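Structure record follows, encoded as structure tokens.
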Amino acid sequence: MRWAALLKGVNVGGNRKLPMADLRAAVEALGWRDVRTLLASGNLVFDCDEGDEAAVVAQVEAALAAIGLKTDVMVRDGTAMAAIIAANPFPDAAEARPQHLLVHFHRDAFPATLLGRVPTIYDGPERLHAVGRELFVDYPANIGDSRLHLATAKLGFPKCVTARNWNTVLKLAAMLAT
């Protein structure tokens with residue numbers, strides 16, 4: 001089965017430094033095949049015989065721990081990634097500013113009730129929409145200037161999550177398809 005693994009917080013702001021060659025080697029040591037990385041932010045695509053997502057997550061996290069890195073890992077297969085792309089509620093943002101459209105990948109289903117609480121404490125320009133385990137966030141302005149993260153932290157949004165911009169999502173989907 002072909003999987004994409006997305007590591008949380010790798011090589012971001014000088015934290016959790018991990019050369020992609022080390023990441024590939026750690027996963028290849030599991031006996032997995034056609035291991036490829038995308039960018040330096042902890043994106044990995046590989047083939048393995050394991051079909052259970054939770055087992056794949058556990059094995060990748062254990063392989064990372066063995067090389068001294070503790071971080072959360074989210075995995076998706078090609079079918080799931082294609083469904084994420086099809087479910088994009090913000091096609092206008094994907095076209096106009098794909099680097100400002102983020103998909104937040106959660107391990108578990110996103111608690112949709114949290115979205116209704118955001119306007120009670122935050123009135124920024126971002127648009128949010130949850131579909132299954134993914135939270136789509138359109139940042140019409142500079143992501144670095146957004147205060148949305150403060151509101152989501154205050155509301156207790158899930159912490160087992162990692163985000164990728166739309167360009168990266170599309171590249172990962174293409175890698176899963178080949």
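Chain labels follow the order of the structure tokens: the first chain is A, the next B, and so on; residue numbering restarts at 1 in every chain, and ligands are counted from 1 in their shown order.
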>> Going by DSSP on the backbone, which residues of chain A come out as helix (DSSP H, G or I)? List them as a ChimeraX atom specification.
In response: /A:20-28,53-66,78-86,91-96,98-100,112-121,143-145,148-154,166-177
With C-alpha atoms kept, could you save the residues just selected as a PDB file, in the first residue's frame?
```
ATOM      1  CA  MET A  20      15.401  14.327   4.936  1.00  0.00           C
ATOM      2  CA  ALA A  21      18.104  11.720   4.180  1.00  0.00           C
ATOM      3  CA  ASP A  22      17.853  10.621   7.841  1.00  0.00           C
ATOM      4  CA  LEU A  23      14.063  10.458   7.582  1.00  0.00           C
ATOM      5  CA  ARG A  24      14.264   8.322   4.446  1.00  0.00           C
ATOM      6  CA  ALA A  25      16.846   6.034   6.046  1.00  0.00           C
ATOM      7  CA  ALA A  26      14.728   5.570   9.188  1.00  0.00           C
ATOM      8  CA  VAL A  27      11.712   4.495   7.145  1.00  0.00           C
ATOM      9  CA  GLU A  28      13.745   2.357   4.741  1.00  0.00           C
ATOM     10  CA  GLU A  53      -3.201   3.338   9.286  1.00  0.00           C
ATOM     11  CA  ALA A  54      -2.699   3.186  13.050  1.00  0.00           C
ATOM     12  CA  ALA A  55       0.009   0.549  12.630  1.00  0.00           C
ATOM     13  CA  VAL A  56       1.781   2.690  10.014  1.00  0.00           C
ATOM     14  CA  VAL A  57       1.670   5.708  12.345  1.00  0.00           C
ATOM     15  CA  ALA A  58       3.026   3.676  15.258  1.00  0.00           C
ATOM     16  CA  GLN A  59       5.878   2.265  13.184  1.00  0.00           C
ATOM     17  CA  VAL A  60       6.904   5.639  11.740  1.00  0.00           C
ATOM     18  CA  GLU A  61       6.782   7.303  15.169  1.00  0.00           C
ATOM     19  CA  ALA A  62       8.862   4.458  16.652  1.00  0.00           C
ATOM     20  CA  ALA A  63      11.421   4.745  13.823  1.00  0.00           C
ATOM     21  CA  LEU A  64      11.682   8.482  14.464  1.00  0.00           C
ATOM     22  CA  ALA A  65      12.030   7.966  18.216  1.00  0.00           C
ATOM     23  CA  ALA A  66      14.887   5.552  17.512  1.00  0.00           C
ATOM     24  CA  GLY A  78      -3.998   8.069  -2.134  1.00  0.00           C
ATOM     25  CA  THR A  79      -7.750   7.599  -1.832  1.00  0.00           C
ATOM     26  CA  ALA A  80      -7.915   9.795   1.260  1.00  0.00           C
ATOM     27  CA  MET A  81      -5.729  12.483  -0.335  1.00  0.00           C
ATOM     28  CA  ALA A  82      -7.894  12.523  -3.468  1.00  0.00           C
ATOM     29  CA  ALA A  83     -10.991  12.890  -1.279  1.00  0.00           C
ATOM     30  CA  ILE A  84      -9.365  15.810   0.554  1.00  0.00           C
ATOM     31  CA  ILE A  85      -8.675  17.559  -2.737  1.00  0.00           C
ATOM     32  CA  ALA A  86     -12.232  16.934  -3.950  1.00  0.00           C
ATOM     33  CA  PRO A  91     -11.555  26.525  -4.755  1.00  0.00           C
ATOM     34  CA  ASP A  92     -11.213  30.278  -5.234  1.00  0.00           C
ATOM     35  CA  ALA A  93      -8.351  30.375  -2.711  1.00  0.00           C
ATOM     36  CA  ALA A  94      -6.753  27.287  -4.241  1.00  0.00           C
ATOM     37  CA  GLU A  95      -6.646  29.106  -7.561  1.00  0.00           C
ATOM     38  CA  ALA A  96      -5.730  32.626  -6.402  1.00  0.00           C
ATOM     39  CA  PRO A  98      -2.636  28.265  -2.935  1.00  0.00           C
ATOM     40  CA  GLN A  99       0.188  29.040  -0.508  1.00  0.00           C
ATOM     41  CA  HIS A 100      -2.398  30.693   1.794  1.00  0.00           C
ATOM     42  CA  ALA A 112     -16.924  20.427  13.998  1.00  0.00           C
ATOM     43  CA  THR A 113     -18.698  22.005  16.983  1.00  0.00           C
ATOM     44  CA  LEU A 114     -15.515  23.972  17.657  1.00  0.00           C
ATOM     45  CA  LEU A 115     -15.893  25.953  14.435  1.00  0.00           C
ATOM     46  CA  GLY A 116     -19.115  27.550  15.621  1.00  0.00           C
ATOM     47  CA  ARG A 117     -17.309  28.860  18.686  1.00  0.00           C
ATOM     48  CA  VAL A 118     -14.566  30.695  16.769  1.00  0.00           C
ATOM     49  CA  PRO A 119     -16.684  33.820  16.011  1.00  0.00           C
ATOM     50  CA  THR A 120     -17.454  34.235  19.714  1.00  0.00           C
ATOM     51  CA  ILE A 121     -13.817  35.159  20.411  1.00  0.00           C
ATOM     52  CA  ILE A 143      -0.502  33.941   7.503  1.00  0.00           C
ATOM     53  CA  GLY A 144       2.226  35.240   9.826  1.00  0.00           C
ATOM     54  CA  ASP A 145       0.052  38.212  10.794  1.00  0.00           C
ATOM     55  CA  LEU A 148      -6.361  32.821  14.447  1.00  0.00           C
ATOM     56  CA  HIS A 149      -3.913  30.483  16.209  1.00  0.00           C
ATOM     57  CA  LEU A 150      -4.534  32.312  19.491  1.00  0.00           C
ATOM     58  CA  ALA A 151      -8.279  31.743  19.203  1.00  0.00           C
ATOM     59  CA  THR A 152      -7.917  28.086  18.252  1.00  0.00           C
ATOM     60  CA  ALA A 153      -5.588  27.488  21.206  1.00  0.00           C
ATOM     61  CA  LYS A 154      -8.023  29.192  23.582  1.00  0.00           C
ATOM     62  CA  TRP A 166      -2.446  23.594  -1.023  1.00  0.00           C
ATOM     63  CA  ASN A 167       0.596  23.358  -3.301  1.00  0.00           C
ATOM     64  CA  THR A 168       2.112  20.713  -1.017  1.00  0.00           C
ATOM     65  CA  VAL A 169      -1.175  18.805  -0.774  1.00  0.00           C
ATOM     66  CA  LEU A 170      -1.335  18.615  -4.570  1.00  0.00           C
ATOM     67  CA  LYS A 171       2.305  17.478  -4.824  1.00  0.00           C
ATOM     68  CA  LEU A 172       1.764  14.764  -2.198  1.00  0.00           C
ATOM     69  CA  ALA A 173      -1.338  13.561  -4.051  1.00  0.00           C
ATOM     70  CA  ALA A 174       0.676  13.349  -7.272  1.00  0.00           C
ATOM     71  CA  MET A 175       3.418  11.387  -5.488  1.00  0.00           C
ATOM     72  CA  LEU A 176       0.827   8.969  -4.098  1.00  0.00           C
ATOM     73  CA  ALA A 177      -0.574   8.434  -7.582  1.00  0.00           C
TER      74      ALA A 177
END
```
Which residues, written as a CSV table (one decimal) with N, CA, C and O atoms, in the first residue's frame, have at least one atom at most 6 Å from Val10 in chain A, with only C-alpha atoms counted and residues fewer than 2 positions away on the same chain left out?
```csv
chain,number,residue,atom,x,y,z
A,8,LYS,N,4.7,16.4,12.2
A,8,LYS,CA,4.4,17.7,12.8
A,8,LYS,C,5.7,18.4,13.2
A,8,LYS,O,6.5,17.9,13.9
A,12,VAL,N,10.9,23.4,11.4
A,12,VAL,CA,10.2,24.7,11.4
A,12,VAL,C,10.8,25.6,12.5
A,12,VAL,O,10.8,25.2,13.6
A,16,ARG,N,13.1,20.7,16.0
A,16,ARG,CA,13.0,19.4,15.5
A,16,ARG,C,13.7,19.2,14.2
A,16,ARG,O,13.1,18.8,13.2
A,41,SER,N,10.2,19.7,5.1
A,41,SER,CA,9.3,19.9,6.2
A,41,SER,C,8.6,18.6,6.7
A,41,SER,O,7.6,18.7,7.4
A,42,GLY,N,9.2,17.5,6.5
A,42,GLY,CA,8.6,16.3,7.0
A,42,GLY,C,7.5,15.7,6.2
A,42,GLY,O,6.5,15.2,6.8
```
> Could you name the residues that touch Ala163 in chain A at 6 Å or less, counting only C-alpha atoms, but leaving out those on the same chain fewer than 4 positions away, as a count of residues only?
Replying inline: 3
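Take CA of Pro19 in chain A and CA of Glu50 in chain A: the distance between them is 25.0 Å.
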